[in-house]
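Asks: Here you go, this is start28.csv (CSV, N, CA and C atoms).
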chain,number,residue,atom,x,y,z
A,1,MET,N,2.9,-20.9,7.6
A,1,MET,CA,4.1,-20.9,8.4
A,1,MET,C,5.2,-20.1,7.6
A,2,ALA,N,5.3,-20.3,6.3
A,2,ALA,CA,6.3,-19.6,5.5
A,2,ALA,C,6.1,-18.1,5.6
A,3,ASN,N,4.9,-17.6,5.6
A,3,ASN,CA,4.6,-16.2,5.7
A,3,ASN,C,5.1,-15.6,7.0
A,4,ASN,N,4.9,-16.3,8.1
A,4,ASN,CA,5.4,-15.9,9.4
A,4,ASN,C,7.0,-15.7,9.3
A,5,CYS,N,7.6,-16.7,8.7
A,5,CYS,CA,9.1,-16.6,8.6
A,5,CYS,C,9.5,-15.4,7.8
A,6,CYS,N,8.8,-15.1,6.8
A,6,CYS,CA,9.2,-13.9,6.0
A,6,CYS,C,9.0,-12.6,6.8
A,7,ASN,N,7.9,-12.6,7.6
A,7,ASN,CA,7.7,-11.4,8.5
A,7,ASN,C,8.8,-11.3,9.5
A,8,LEU,N,9.2,-12.4,10.1
A,8,LEU,CA,10.2,-12.4,11.1
A,8,LEU,C,11.6,-12.0,10.5
A,9,TYR,N,11.9,-12.5,9.3
A,9,TYR,CA,13.1,-12.1,8.7
A,9,TYR,C,13.1,-10.6,8.4
A,10,LEU,N,12.0,-10.1,7.9
A,10,LEU,CA,11.9,-8.6,7.6
A,10,LEU,C,12.1,-7.8,8.9
A,11,LEU,N,11.4,-8.2,9.9
A,11,LEU,CA,11.5,-7.5,11.2
A,11,LEU,C,12.9,-7.6,11.8
A,12,SER,N,13.5,-8.7,11.7
A,12,SER,CA,14.9,-8.9,12.1
A,12,SER,C,15.9,-8.0,11.4
A,13,SER,N,15.7,-7.9,10.1
A,13,SER,CA,16.5,-7.0,9.2
A,13,SER,C,16.3,-5.6,9.6
A,14,ILE,N,15.1,-5.2,9.8
A,14,ILE,CA,14.8,-3.8,10.2
A,14,ILE,C,15.5,-3.5,11.5
A,15,ALA,N,15.3,-4.4,12.5
A,15,ALA,CA,15.9,-4.1,13.8
A,15,ALA,C,17.5,-4.0,13.7
A,16,CYS,N,18.1,-4.8,12.9
A,16,CYS,CA,19.5,-4.8,12.8
A,16,CYS,C,19.9,-3.4,12.1
A,17,GLN,N,19.2,-3.0,11.1
A,17,GLN,CA,19.5,-1.7,10.5
A,17,GLN,C,19.3,-0.6,11.4
A,18,LEU,N,18.2,-0.6,12.2
A,18,LEU,CA,18.0,0.5,13.1
A,18,LEU,C,19.1,0.6,14.2
A,19,SER,N,19.5,-0.6,14.7
A,19,SER,CA,20.5,-0.6,15.7
A,19,SER,C,21.8,-0.1,15.3
A,20,GLY,N,22.0,-0.1,14.0
A,20,GLY,CA,23.3,0.5,13.4
A,20,GLY,C,23.3,2.0,13.3
A,21,CYS,N,22.1,2.6,13.3
A,21,CYS,CA,22.1,4.0,13.0
A,21,CYS,C,21.4,4.8,14.2
A,22,LEU,N,20.9,4.1,15.2
A,22,LEU,CA,20.2,4.9,16.3
A,22,LEU,C,21.0,4.6,17.6
A,23,SER,N,21.0,5.5,18.5
A,23,SER,CA,21.7,5.3,19.8
A,23,SER,C,20.9,4.4,20.6
A,24,HIS,N,21.5,3.9,21.7
A,24,HIS,CA,20.8,3.1,22.7
A,24,HIS,C,19.5,3.7,23.2
A,25,GLU,N,19.6,5.0,23.5
A,25,GLU,CA,18.5,5.8,24.1
A,25,GLU,C,17.4,5.9,23.0
A,26,GLU,N,17.8,6.2,21.8
A,26,GLU,CA,16.8,6.3,20.7
A,26,GLU,C,16.1,5.0,20.4
A,27,LEU,N,16.8,3.9,20.5
A,27,LEU,CA,16.2,2.5,20.3
A,27,LEU,C,15.3,2.2,21.5
A,28,GLU,N,15.6,2.6,22.7
A,28,GLU,CA,14.7,2.4,23.8
A,28,GLU,C,13.4,3.1,23.6
A,29,VAL,N,13.4,4.4,23.2
A,29,VAL,CA,12.2,5.2,23.0
A,29,VAL,C,11.4,4.6,21.8
A,30,LEU,N,12.1,4.2,20.7
A,30,LEU,CA,11.4,3.6,19.6
A,30,LEU,C,10.7,2.3,20.0
A,31,SER,N,11.4,1.5,20.7
A,31,SER,CA,10.8,0.3,21.2
A,31,SER,C,9.6,0.5,22.0
A,32,ALA,N,9.7,1.4,23.0
A,32,ALA,CA,8.5,1.7,23.8
A,32,ALA,C,7.3,2.2,23.0
A,33,ASP,N,7.6,3.1,22.0
A,33,ASP,CA,6.6,3.7,21.2
A,33,ASP,C,5.9,2.6,20.3
A,34,LEU,N,6.7,1.7,19.7
A,34,LEU,CA,6.2,0.6,18.9
A,34,LEU,C,5.4,-0.4,19.7
A,35,THR,N,5.8,-0.6,21.0
A,35,THR,CA,5.1,-1.5,21.9
A,35,THR,C,3.7,-0.9,22.2
A,36,THR,N,3.7,0.4,22.4
A,36,THR,CA,2.4,1.2,22.7
A,36,THR,C,1.5,1.1,21.5
A,37,LEU,N,2.1,1.3,20.3
A,37,LEU,CA,1.3,1.2,19.1
A,37,LEU,C,0.7,-0.2,18.9
A,38,GLY,N,1.5,-1.2,19.2
A,38,GLY,CA,0.9,-2.6,19.1
A,38,GLY,C,-0.2,-2.8,20.0
A,39,TYR,N,-0.1,-2.3,21.3
A,39,TYR,CA,-1.2,-2.4,22.3
A,39,TYR,C,-2.4,-1.6,21.8
A,40,MET,N,-2.2,-0.5,21.2
A,40,MET,CA,-3.3,0.4,20.8
A,40,MET,C,-4.1,-0.3,19.6
A,41,ILE,N,-3.3,-0.9,18.7
A,41,ILE,CA,-4.0,-1.6,17.6
A,41,ILE,C,-4.7,-2.8,18.1
A,42,GLU,N,-4.1,-3.6,19.0
A,42,GLU,CA,-4.8,-4.7,19.6
A,42,GLU,C,-6.1,-4.3,20.3
A,43,SER,N,-6.1,-3.2,21.0
A,43,SER,CA,-7.3,-2.7,21.6
A,43,SER,C,-8.4,-2.3,20.6
A,44,LEU,N,-7.9,-1.6,19.6
A,44,LEU,CA,-8.9,-1.2,18.5
A,44,LEU,C,-9.5,-2.4,17.8
A,45,LEU,N,-8.7,-3.4,17.6
A,45,LEU,CA,-9.3,-4.6,16.9
A,45,LEU,C,-10.3,-5.3,17.9
A,46,ALA,N,-10.0,-5.4,19.1
A,46,ALA,CA,-10.9,-6.0,20.1
A,46,ALA,C,-12.2,-5.3,20.2
A,47,HIS,N,-12.1,-3.9,20.2
A,47,HIS,CA,-13.3,-3.1,20.2
A,47,HIS,C,-14.1,-3.3,18.9
A,48,LYS,N,-13.4,-3.4,17.8
A,48,LYS,CA,-14.1,-3.5,16.5
A,48,LYS,C,-14.8,-4.9,16.4
A,49,ASN,N,-14.1,-5.9,16.9
A,49,ASN,CA,-14.7,-7.3,16.9
A,49,ASN,C,-15.9,-7.3,17.8
A,50,ASN,N,-15.9,-6.6,18.9
A,50,ASN,CA,-17.1,-6.7,19.8
A,50,ASN,C,-18.2,-5.9,19.3
A,51,THR,N,-18.0,-4.9,18.5
A,51,THR,CA,-19.1,-4.1,18.0
A,51,THR,C,-19.7,-4.6,16.7
A,52,GLU,N,-19.0,-5.6,16.1
A,52,GLU,CA,-19.5,-6.1,14.8
A,52,GLU,C,-20.5,-7.3,15.0
A,53,CYS,N,-20.7,-7.7,16.3
A,53,CYS,CA,-21.5,-8.9,16.6
A,53,CYS,C,-23.0,-8.5,16.5
For the file at hand, write its structure as structure tokens.

Replies:
Amino acid sequence: MANNCCNLYLLSSIACQLSGCLSHEELEVLSADLTTLGYMIESLLAHKNNTEC
């Protein structure tokens, strides 16, 4: 549980820093790109797990 809290704290800090130096539009694009990256990694892991059986 403590490890998850550290990750959340780090991500929160990064988000706050980015919001201070990027415009609203830039944050929207970055958010969409990072969401896409997350989905792509999730898909790759699922495919990897299915091929290792």

Asks: Between atom N of A:Ala32 and atom N of A:Cys16, what is the distance, to one decimal in Å?

Replies: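 These atoms are spaced 14.5 Å apart.
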
Asks: Mind giving me the straight-line distance from atom N of A:Asn49 to atom CA of A:Leu37 in Å, one decimal?

Replies: 17.1 Å

Asks: Report, in Å with one decimal, the straight-line distance from atom CA of A:Cys21 to atom CA of A:Glu42.

Replies: 29.0 Å
